[in-house]
Amino acid sequence: MKNQNRQDSVRKIRKRIEIHVGIAIAALVVAMGVGAAGFVYWGAYNVSALQQHTEPVFTVLNMALDRSIRQRAEEVETPRLTAEMAEQGRPIFQRKCVQCHGAPGVGRDDVGKGMTPVPPNLAHTAKAKSAAEVFWSVKHGIKMTGMPSWRFKYTDEQIWNITAFVMRLPELSPAEYQAMAEDRAEKGADRNDVSAPAQARRAATPDAERGKMAMYGYACIACHRIPGTVGPHSDVGPPLAGIGGRRYIAGVLANTPENMVHWLRHPTEVDPLTAMPDLGVTEQDALDMAAYLETLE
């Protein structure tokens, strides 16, 4: 009987401790939530580009970035990278990458100097990362780093050419790189330094899901509110909710897939007074984007 009473007492004490611990944990979670909300709401976090991350925050973010890229790059099939591919990728690298990352003996432009975090030196990246990781990063871009996605600007072949040149960077001295740059300047614009051709890889049917991604890739969210897409919510242009059910495009063209493709690719041909800029949308991207916009009824 005494043993039973002792066990009952122990259970009650244990239960009381569990309740108190539970209350303490709940209070701590609430306090952390309130503190975090206050930290964000009252602007306590300094978003200045000159206010660098603390070492622990930078370490965690960098670890998350590295592991995320590595995991996704495992699905990338790497072709044999050749000197010819590197030569094809060189002019694109010089035009699109040097301004932020610099090159052997070449500093970053003002944009690259002012970014937080500072864009990495790609000669080091080529030694520390695999070609698949470099390709994935160039194609898809990296959130919160300023690294853009080049998926809608260049073909996979062109991105592999860029990757081939990046992987060659550790071998180049500043003098060798400078000689390449001067050689290109003497020859003028390089034929390889062009965006993906408008007719490249035309799909059998438009892909609405890819079109949604293309809407973000062409920065349409900078001027329009687009359902299901996170962005600055700027009302420079009209919101696109319901555009699939509208009768006219820009009040000028009948809302058909063909006309939407025309509008997306050449808006000033449709309306010379429009503020909608020509974004260099390829035909395939326009077909996919029109398919997505058609779903917004």
# chains A, B, ... in the order shown; residues from 1 in each chain; ligands from 1
>>> residues_around(residues="Ser48 (chain A)", least_positions_apart="3", cutoff="12 Å", atoms="only C-alpha atoms", output="ChimeraX atom specification")
/A:43-45,51-53,114-117
>>> write_last_selection(atoms="N, CA and C atoms", output="short mmCIF file (atom, residue, chain, number, x, y, z; two decimals), in the first residue's frame")
data_model
loop_
_atom_site.label_atom_id
_atom_site.label_comp_id
_atom_site.auth_asym_id
_atom_site.auth_seq_id
_atom_site.Cartn_x
_atom_site.Cartn_y
_atom_site.Cartn_z
N GLY A 43 11.68 47.50 -37.46
CA GLY A 43 12.85 47.81 -38.26
C GLY A 43 14.16 47.74 -37.51
N ALA A 44 14.23 46.88 -36.51
CA ALA A 44 15.48 46.77 -35.74
C ALA A 44 16.61 46.18 -36.56
N TYR A 45 16.25 45.32 -37.54
CA TYR A 45 17.29 44.69 -38.36
C TYR A 45 17.82 45.70 -39.38
N GLN A 51 26.32 46.85 -43.83
CA GLN A 51 26.23 46.17 -42.54
C GLN A 51 26.28 44.68 -42.80
N GLN A 52 27.46 44.11 -42.77
CA GLN A 52 27.63 42.71 -43.14
C GLN A 52 26.94 41.77 -42.15
N HIS A 53 26.69 40.55 -42.59
CA HIS A 53 26.14 39.54 -41.71
C HIS A 53 27.12 39.24 -40.58
N GLY A 114 29.49 46.67 -54.41
CA GLY A 114 28.51 47.11 -53.43
C GLY A 114 27.52 46.06 -52.99
N MET A 115 27.66 44.83 -53.48
CA MET A 115 26.70 43.78 -53.14
C MET A 115 27.04 43.11 -51.82
N THR A 116 25.99 42.68 -51.10
CA THR A 116 26.16 41.93 -49.85
C THR A 116 25.29 40.69 -49.91
N PRO A 117 25.86 39.47 -49.81
CA PRO A 117 27.28 39.21 -49.67
C PRO A 117 28.06 39.51 -50.94
#
>>> select_by_dssp(residues="region 46-258 of chain A", states="helix (DSSP H, G or I)", output="ChimeraX atom specification")
/A:55-73,83-96,98-101,110-113,122-128,131-140,156-171,174-187,208-217,220-222,243-245,257-258
>>> write_last_selection(atoms="C-alpha atoms", output="CSV table (one decimal), in the first residue's frame")
chain,number,residue,atom,x,y,z
A,55,GLU,CA,29.9,35.4,-38.6
A,56,PRO,CA,27.3,32.8,-37.3
A,57,VAL,CA,24.6,34.0,-39.7
A,58,PHE,CA,26.9,34.1,-42.7
A,59,THR,CA,28.2,30.6,-41.8
A,60,VAL,CA,24.6,29.2,-41.6
A,61,LEU,CA,23.5,30.9,-44.8
A,62,ASN,CA,26.6,29.7,-46.7
A,63,MET,CA,26.2,26.2,-45.5
A,64,ALA,CA,22.6,26.1,-46.6
A,65,LEU,CA,23.6,27.6,-50.0
A,66,ASP,CA,26.4,25.1,-50.6
A,67,ARG,CA,24.4,22.0,-49.6
A,68,SER,CA,21.3,23.1,-51.5
A,69,ILE,CA,23.4,23.6,-54.7
A,70,ARG,CA,25.3,20.3,-54.2
A,71,GLN,CA,22.1,18.3,-53.8
A,72,ARG,CA,20.4,19.7,-56.9
A,73,ALA,CA,23.6,19.5,-59.0
A,83,ALA,CA,38.8,24.1,-74.9
A,84,GLU,CA,36.5,25.0,-77.7
A,85,MET,CA,33.5,25.2,-75.3
A,86,ALA,CA,35.5,27.5,-73.0
A,87,GLU,CA,36.4,29.7,-75.9
A,88,GLN,CA,32.7,29.9,-76.9
A,89,GLY,CA,31.9,30.8,-73.3
A,90,ARG,CA,34.6,33.4,-72.8
A,91,PRO,CA,32.9,36.4,-74.4
A,92,ILE,CA,29.7,35.8,-72.5
A,93,PHE,CA,31.7,35.6,-69.3
A,94,GLN,CA,33.5,38.8,-70.0
A,95,ARG,CA,30.2,40.6,-70.8
A,96,LYS,CA,27.9,39.2,-68.1
A,98,VAL,CA,33.1,40.1,-64.8
A,99,GLN,CA,31.1,43.1,-63.5
A,100,CYS,CA,30.1,41.3,-60.4
A,101,HIS,CA,32.8,38.6,-59.9
A,110,ASP,CA,30.7,49.3,-58.9
A,111,VAL,CA,27.7,46.9,-58.7
A,112,GLY,CA,29.9,43.9,-57.7
A,113,LYS,CA,31.7,46.0,-55.1
A,122,LEU,CA,35.1,32.5,-59.6
A,123,ALA,CA,38.7,31.2,-59.9
A,124,HIS,CA,38.3,30.0,-56.3
A,125,THR,CA,34.8,28.7,-57.1
A,126,ALA,CA,36.1,26.6,-60.0
A,127,LYS,CA,38.6,24.9,-57.6
A,128,ALA,CA,36.1,24.3,-54.8
A,131,ALA,CA,31.2,21.8,-63.0
A,132,ALA,CA,27.7,20.6,-62.4
A,133,GLU,CA,27.4,22.9,-59.4
A,134,VAL,CA,28.7,25.9,-61.5
A,135,PHE,CA,26.2,25.0,-64.3
A,136,TRP,CA,23.3,24.8,-61.9
A,137,SER,CA,24.1,28.1,-60.2
A,138,VAL,CA,24.5,29.9,-63.6
A,139,LYS,CA,21.3,28.4,-65.0
A,140,HIS,CA,19.0,28.8,-61.9
A,156,ASP,CA,21.9,25.0,-71.9
A,157,GLU,CA,24.6,24.7,-74.5
A,158,GLN,CA,25.7,28.3,-73.9
A,159,ILE,CA,25.6,27.9,-70.1
A,160,TRP,CA,27.8,24.8,-70.4
A,161,ASN,CA,30.2,27.0,-72.5
A,162,ILE,CA,30.2,29.6,-69.7
A,163,THR,CA,30.8,26.8,-67.2
A,164,ALA,CA,33.7,25.5,-69.3
A,165,PHE,CA,35.4,28.9,-69.2
A,166,VAL,CA,34.8,29.3,-65.5
A,167,MET,CA,36.4,26.0,-64.8
A,168,ARG,CA,39.4,27.2,-66.8
A,169,LEU,CA,39.9,30.4,-64.7
A,170,PRO,CA,42.3,28.9,-62.1
A,171,GLU,CA,44.7,28.1,-64.9
A,174,PRO,CA,46.2,38.0,-65.2
A,175,ALA,CA,48.3,38.6,-68.3
A,176,GLU,CA,46.7,35.7,-70.2
A,177,TYR,CA,43.2,36.9,-69.3
A,178,GLN,CA,44.1,40.5,-70.3
A,179,ALA,CA,45.4,39.2,-73.6
A,180,MET,CA,42.0,37.5,-74.3
A,181,ALA,CA,40.1,40.6,-73.4
A,182,GLU,CA,42.2,42.8,-75.7
A,183,ASP,CA,41.9,40.2,-78.5
A,184,ARG,CA,38.1,40.4,-78.2
A,185,ALA,CA,38.2,44.2,-78.2
A,186,GLU,CA,40.2,44.2,-81.4
A,187,LYS,CA,37.8,41.9,-83.1
A,208,ALA,CA,2.0,26.9,-68.6
A,209,GLU,CA,4.1,25.9,-65.6
A,210,ARG,CA,7.3,27.0,-67.4
A,211,GLY,CA,5.5,30.1,-68.4
A,212,LYS,CA,4.8,31.0,-64.8
A,213,MET,CA,8.6,30.7,-64.1
A,214,ALA,CA,9.4,32.7,-67.2
A,215,MET,CA,7.1,35.5,-65.9
A,216,TYR,CA,9.4,35.7,-62.9
A,217,GLY,CA,12.5,35.2,-65.0
A,220,CYS,CA,7.3,40.9,-64.9
A,221,ILE,CA,6.6,40.9,-61.2
A,222,ALA,CA,8.6,44.2,-61.0
A,243,ILE,CA,-6.2,38.5,-67.6
A,244,GLY,CA,-7.2,35.1,-69.1
A,245,GLY,CA,-10.8,36.2,-69.1
A,257,PRO,CA,-2.9,33.2,-77.6
A,258,GLU,CA,-1.4,34.4,-80.8
>>> atom_distance(atom1="CA of Gly22 (chain A)", atom2="CA of Trp42 (chain A)")
29.7 Å
>>> closest_residue(among="A:Arg11, A:Thr145, A:Phe152, A:Leu81", to="Ala49 (chain A)", atoms="only C-alpha atoms")
A:Thr145
>>> residues_around(residues="Leu264 (chain A)", least_positions_apart="4", cutoff="12 Å", atoms="only C-alpha atoms", output="ChimeraX atom specification")
/A:211,214-215,218,220,249-250,253,257-260,268-271,276-291,293
>>> residues_around(residues="Gly242 (chain A)", least_positions_apart="3", cutoff="12 Å", atoms="only C-alpha atoms", output="ChimeraX atom specification")
/A:225-227,238-239,245-249,255,292-297
>>> atom_distance(atom1="CA of Cys223 (chain A)", atom2="CA of Val236 (chain A)")
4.8 Å
>>> atom_distance(atom1="CA of Trp150 (chain A)", atom2="CA of Asp109 (chain A)")
19.5 Å
>>> select_by_dssp(residues="region 36-269 of chain A", states="strand (DSSP E or B)", output="list in words")
Ala103, Val106, Ile142, Met147, Tyr248, Ile249, Leu253 and Ala254 of chain A
>>> write_last_selection(atoms="N, CA and C atoms", output="PDB file, in the first residue's frame")
ATOM      1  N   ALA A 103      37.727  39.053 -62.547  1.00  0.00           N
ATOM      2  CA  ALA A 103      38.436  38.032 -63.327  1.00  0.00           C
ATOM      3  C   ALA A 103      39.909  38.126 -62.946  1.00  0.00           C
ATOM      4  N   VAL A 106      41.421  41.526 -62.891  1.00  0.00           N
ATOM      5  CA  VAL A 106      40.371  42.490 -63.198  1.00  0.00           C
ATOM      6  C   VAL A 106      39.432  42.607 -61.999  1.00  0.00           C
ATOM      7  N   ILE A 142      20.727  32.260 -57.626  1.00  0.00           N
ATOM      8  CA  ILE A 142      20.719  31.964 -56.191  1.00  0.00           C
ATOM      9  C   ILE A 142      19.990  33.076 -55.454  1.00  0.00           C
ATOM     10  N   MET A 147      22.672  36.891 -57.478  1.00  0.00           N
ATOM     11  CA  MET A 147      23.037  36.053 -58.624  1.00  0.00           C
ATOM     12  C   MET A 147      21.779  35.738 -59.421  1.00  0.00           C
ATOM     13  N   TYR A 248      -9.731  42.067 -74.202  1.00  0.00           N
ATOM     14  CA  TYR A 248      -8.675  42.722 -74.972  1.00  0.00           C
ATOM     15  C   TYR A 248      -7.350  42.730 -74.214  1.00  0.00           C
ATOM     16  N   ILE A 249      -6.286  42.812 -74.968  1.00  0.00           N
ATOM     17  CA  ILE A 249      -4.931  42.966 -74.430  1.00  0.00           C
ATOM     18  C   ILE A 249      -4.548  44.426 -74.609  1.00  0.00           C
ATOM     19  N   LEU A 253      -5.678  44.745 -78.640  1.00  0.00           N
ATOM     20  CA  LEU A 253      -5.748  43.473 -79.355  1.00  0.00           C
ATOM     21  C   LEU A 253      -6.781  42.542 -78.740  1.00  0.00           C
ATOM     22  N   ALA A 254      -7.454  41.763 -79.579  1.00  0.00           N
ATOM     23  CA  ALA A 254      -8.323  40.701 -79.070  1.00  0.00           C
ATOM     24  C   ALA A 254      -7.459  39.718 -78.283  1.00  0.00           C
TER      25      ALA A 254
END
